[in-house]
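Next up, upload_23.cif (mmCIF, N, CA and C atoms):
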```cif
data_start
loop_
_atom_site.group_PDB
_atom_site.id
_atom_site.type_symbol
_atom_site.label_atom_id
_atom_site.label_comp_id
_atom_site.auth_asym_id
_atom_site.auth_seq_id
_atom_site.Cartn_x
_atom_site.Cartn_y
_atom_site.Cartn_z
ATOM 1 N N MET A 1 29.996 73.444 -34.385
ATOM 2 C CA MET A 1 28.826 73.526 -35.227
ATOM 3 C C MET A 1 28.899 72.532 -36.386
ATOM 4 N N ALA A 2 30.082 72.288 -36.884
ATOM 5 C CA ALA A 2 30.243 71.342 -37.989
ATOM 6 C C ALA A 2 29.821 69.937 -37.576
ATOM 7 N N GLU A 3 29.991 69.597 -36.299
ATOM 8 C CA GLU A 3 29.594 68.275 -35.816
ATOM 9 C C GLU A 3 28.089 68.093 -35.923
ATOM 10 N N LYS A 4 27.314 69.145 -35.661
ATOM 11 C CA LYS A 4 25.864 69.063 -35.783
ATOM 12 C C LYS A 4 25.457 68.867 -37.238
ATOM 13 N N ASP A 5 26.135 69.533 -38.159
ATOM 14 C CA ASP A 5 25.840 69.379 -39.581
ATOM 15 C C ASP A 5 26.111 67.956 -40.043
ATOM 16 N N ILE A 6 27.200 67.380 -39.581
ATOM 17 C CA ILE A 6 27.547 66.012 -39.959
ATOM 18 C C ILE A 6 26.498 65.045 -39.426
ATOM 19 N N MET A 7 26.093 65.225 -38.175
ATOM 20 C CA MET A 7 25.085 64.352 -37.578
ATOM 21 C C MET A 7 23.761 64.472 -38.324
ATOM 22 N N GLU A 8 23.405 65.688 -38.694
ATOM 23 C CA GLU A 8 22.162 65.897 -39.447
ATOM 24 C C GLU A 8 22.220 65.173 -40.786
ATOM 25 N N LYS A 9 23.339 65.279 -41.485
ATOM 26 C CA LYS A 9 23.480 64.606 -42.775
ATOM 27 C C LYS A 9 23.413 63.093 -42.615
ATOM 28 N N ILE A 10 24.016 62.586 -41.556
ATOM 29 C CA ILE A 10 23.985 61.139 -41.317
ATOM 30 C C ILE A 10 22.553 60.689 -41.037
ATOM 31 N N LEU A 11 21.846 61.414 -40.174
ATOM 32 C CA LEU A 11 20.468 61.032 -39.849
ATOM 33 C C LEU A 11 19.561 61.093 -41.070
ATOM 34 N N PHE A 12 19.676 62.169 -41.843
ATOM 35 C CA PHE A 12 18.810 62.323 -43.006
ATOM 36 C C PHE A 12 19.194 61.388 -44.145
ATOM 37 N N SER A 13 20.322 60.709 -44.058
ATOM 38 C CA SER A 13 20.685 59.741 -45.087
ATOM 39 C C SER A 13 19.860 58.458 -44.948
ATOM 40 N N TYR A 14 19.209 58.277 -43.796
ATOM 41 C CA TYR A 14 18.316 57.134 -43.593
ATOM 42 C C TYR A 14 16.928 57.519 -44.097
ATOM 43 N N ALA A 15 16.410 56.746 -45.036
ATOM 44 C CA ALA A 15 15.139 57.080 -45.676
ATOM 45 C C ALA A 15 13.999 57.172 -44.676
ATOM 46 N N ASP A 16 13.974 56.298 -43.673
ATOM 47 C CA ASP A 16 12.871 56.326 -42.715
ATOM 48 C C ASP A 16 12.909 57.574 -41.842
ATOM 49 N N VAL A 17 14.098 58.018 -41.461
ATOM 50 C CA VAL A 17 14.233 59.239 -40.659
ATOM 51 C C VAL A 17 13.823 60.447 -41.498
ATOM 52 N N PHE A 18 14.282 60.495 -42.745
ATOM 53 C CA PHE A 18 13.938 61.604 -43.627
ATOM 54 C C PHE A 18 12.431 61.666 -43.851
ATOM 55 N N ALA A 19 11.816 60.527 -44.132
ATOM 56 C CA ALA A 19 10.374 60.485 -44.380
ATOM 57 C C ALA A 19 9.597 60.916 -43.138
ATOM 58 N N ASP A 20 9.983 60.430 -41.969
ATOM 59 C CA ASP A 20 9.296 60.809 -40.732
ATOM 60 C C ASP A 20 9.408 62.304 -40.469
ATOM 61 N N CYS A 21 10.599 62.852 -40.613
ATOM 62 C CA CYS A 21 10.794 64.289 -40.372
ATOM 63 C C CYS A 21 10.017 65.120 -41.391
ATOM 64 N N GLY A 22 10.074 64.723 -42.640
ATOM 65 C CA GLY A 22 9.339 65.447 -43.676
ATOM 66 C C GLY A 22 7.842 65.409 -43.445
ATOM 67 N N ASN A 23 7.332 64.247 -43.068
ATOM 68 C CA ASN A 23 5.897 64.125 -42.807
ATOM 69 C C ASN A 23 5.455 65.000 -41.646
ATOM 70 N N VAL A 24 6.257 65.071 -40.610
ATOM 71 C CA VAL A 24 5.895 65.889 -39.449
ATOM 72 C C VAL A 24 6.027 67.374 -39.754
ATOM 73 N N LEU A 25 7.159 67.761 -40.327
ATOM 74 C CA LEU A 25 7.428 69.184 -40.518
ATOM 75 C C LEU A 25 6.662 69.799 -41.692
ATOM 76 N N ILE A 26 6.470 69.051 -42.754
ATOM 77 C CA ILE A 26 5.845 69.604 -43.949
ATOM 78 C C ILE A 26 4.348 69.287 -44.000
ATOM 79 N N TYR A 27 3.991 68.060 -43.664
ATOM 80 C CA TYR A 27 2.613 67.619 -43.840
ATOM 81 C C TYR A 27 1.843 67.479 -42.532
ATOM 82 N N GLY A 28 2.367 68.029 -41.449
ATOM 83 C CA GLY A 28 1.654 68.007 -40.175
ATOM 84 C C GLY A 28 1.399 66.622 -39.621
ATOM 85 N N GLY A 29 2.250 65.669 -39.939
ATOM 86 C CA GLY A 29 2.128 64.315 -39.408
ATOM 87 C C GLY A 29 1.401 63.349 -40.320
ATOM 88 N N GLU A 30 0.808 63.844 -41.391
ATOM 89 C CA GLU A 30 0.123 62.963 -42.335
ATOM 90 C C GLU A 30 1.153 62.131 -43.085
ATOM 91 N N GLN A 31 0.868 60.855 -43.285
ATOM 92 C CA GLN A 31 1.821 59.923 -43.893
ATOM 93 C C GLN A 31 1.825 60.075 -45.418
ATOM 94 N N ILE A 32 2.567 61.053 -45.927
ATOM 95 C CA ILE A 32 2.657 61.310 -47.362
ATOM 96 C C ILE A 32 3.944 60.694 -47.924
ATOM 97 N N LEU A 33 5.071 61.049 -47.313
ATOM 98 C CA LEU A 33 6.362 60.499 -47.726
ATOM 99 C C LEU A 33 6.524 59.104 -47.144
ATOM 100 N N LYS A 34 6.969 58.166 -47.966
ATOM 101 C CA LYS A 34 7.182 56.790 -47.504
ATOM 102 C C LYS A 34 8.648 56.426 -47.714
ATOM 103 N N ALA A 35 9.237 55.801 -46.712
ATOM 104 C CA ALA A 35 10.662 55.464 -46.746
ATOM 105 C C ALA A 35 11.007 54.592 -47.943
ATOM 106 N N GLU A 36 10.125 53.673 -48.291
ATOM 107 C CA GLU A 36 10.427 52.761 -49.401
ATOM 108 C C GLU A 36 10.389 53.459 -50.761
ATOM 109 N N GLU A 37 9.829 54.655 -50.826
ATOM 110 C CA GLU A 37 9.782 55.409 -52.079
ATOM 111 C C GLU A 37 10.917 56.437 -52.203
ATOM 112 N N MET A 38 11.747 56.576 -51.163
ATOM 113 C CA MET A 38 12.837 57.534 -51.175
ATOM 114 C C MET A 38 13.995 57.007 -52.017
ATOM 115 N N GLN A 39 14.696 57.922 -52.683
ATOM 116 C CA GLN A 39 15.886 57.569 -53.452
ATOM 117 C C GLN A 39 17.043 58.408 -52.942
ATOM 118 N N PRO A 40 18.251 57.844 -52.917
ATOM 119 C CA PRO A 40 19.402 58.616 -52.419
ATOM 120 C C PRO A 40 19.734 59.789 -53.321
ATOM 121 N N HIS A 41 20.214 60.840 -52.714
ATOM 122 C CA HIS A 41 20.665 62.031 -53.437
ATOM 123 C C HIS A 41 22.083 61.769 -53.914
ATOM 124 N N PRO A 42 22.436 62.230 -55.122
ATOM 125 C CA PRO A 42 23.837 62.040 -55.560
ATOM 126 C C PRO A 42 24.800 62.752 -54.612
ATOM 127 N N PRO A 43 25.989 62.214 -54.430
ATOM 128 C CA PRO A 43 26.950 62.857 -53.526
ATOM 129 C C PRO A 43 27.334 64.263 -53.990
ATOM 130 N N GLU A 44 27.621 65.116 -53.032
ATOM 131 C CA GLU A 44 28.028 66.476 -53.349
ATOM 132 C C GLU A 44 29.477 66.487 -53.802
ATOM 133 N N PRO A 45 29.811 67.345 -54.763
ATOM 134 C CA PRO A 45 31.217 67.418 -55.181
ATOM 135 C C PRO A 45 32.098 67.953 -54.053
ATOM 136 N N ALA A 46 33.307 67.484 -54.004
ATOM 137 C CA ALA A 46 34.226 67.882 -52.926
ATOM 138 C C ALA A 46 34.722 69.279 -53.065
#
```

Translate this structure into structure tokens?
Amino acid sequence: MAEKDIMEKILFSYADVFADCGNVLIYGGEQILKAEEMQPHPPEPA
């Protein structure tokens, strides 16, 4: 299960993947989130 979590984090670290998923899941496919407007999240503490 940890492997799936790692893959998810890697995929969502790409702004275009995050924006596409967010637009589909939250906004029903409407182009609201744009990859060029995304900013990285600070790293989580260890």

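The space between CA of Ile32 in chain A and CA of Leu11 in chain A spans 19.3 Å.
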
Practice task
Go through the shown structure with the PyMOL selection byres (((chain A and resi 34 and name CA) around 9) and name CA) and write out the matching residues as a ChimeraX atom specification.
Solution key: /A:15-16,19-20,23,31-33,35-38

Exercise for the section: Rounded to one decimal place, report the CA of Lys9 in chain A-CA of His41 in chain A distance in Å. Expected result: 11.3 Å

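Atom N of Cys21 in chain A lies 24.3 Å from atom N of Pro45 in chain A.
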
Problem - alpha helix (DSSP H) positions in chain A, given as a ChimeraX atom specification - result: /A:2-12,15-25
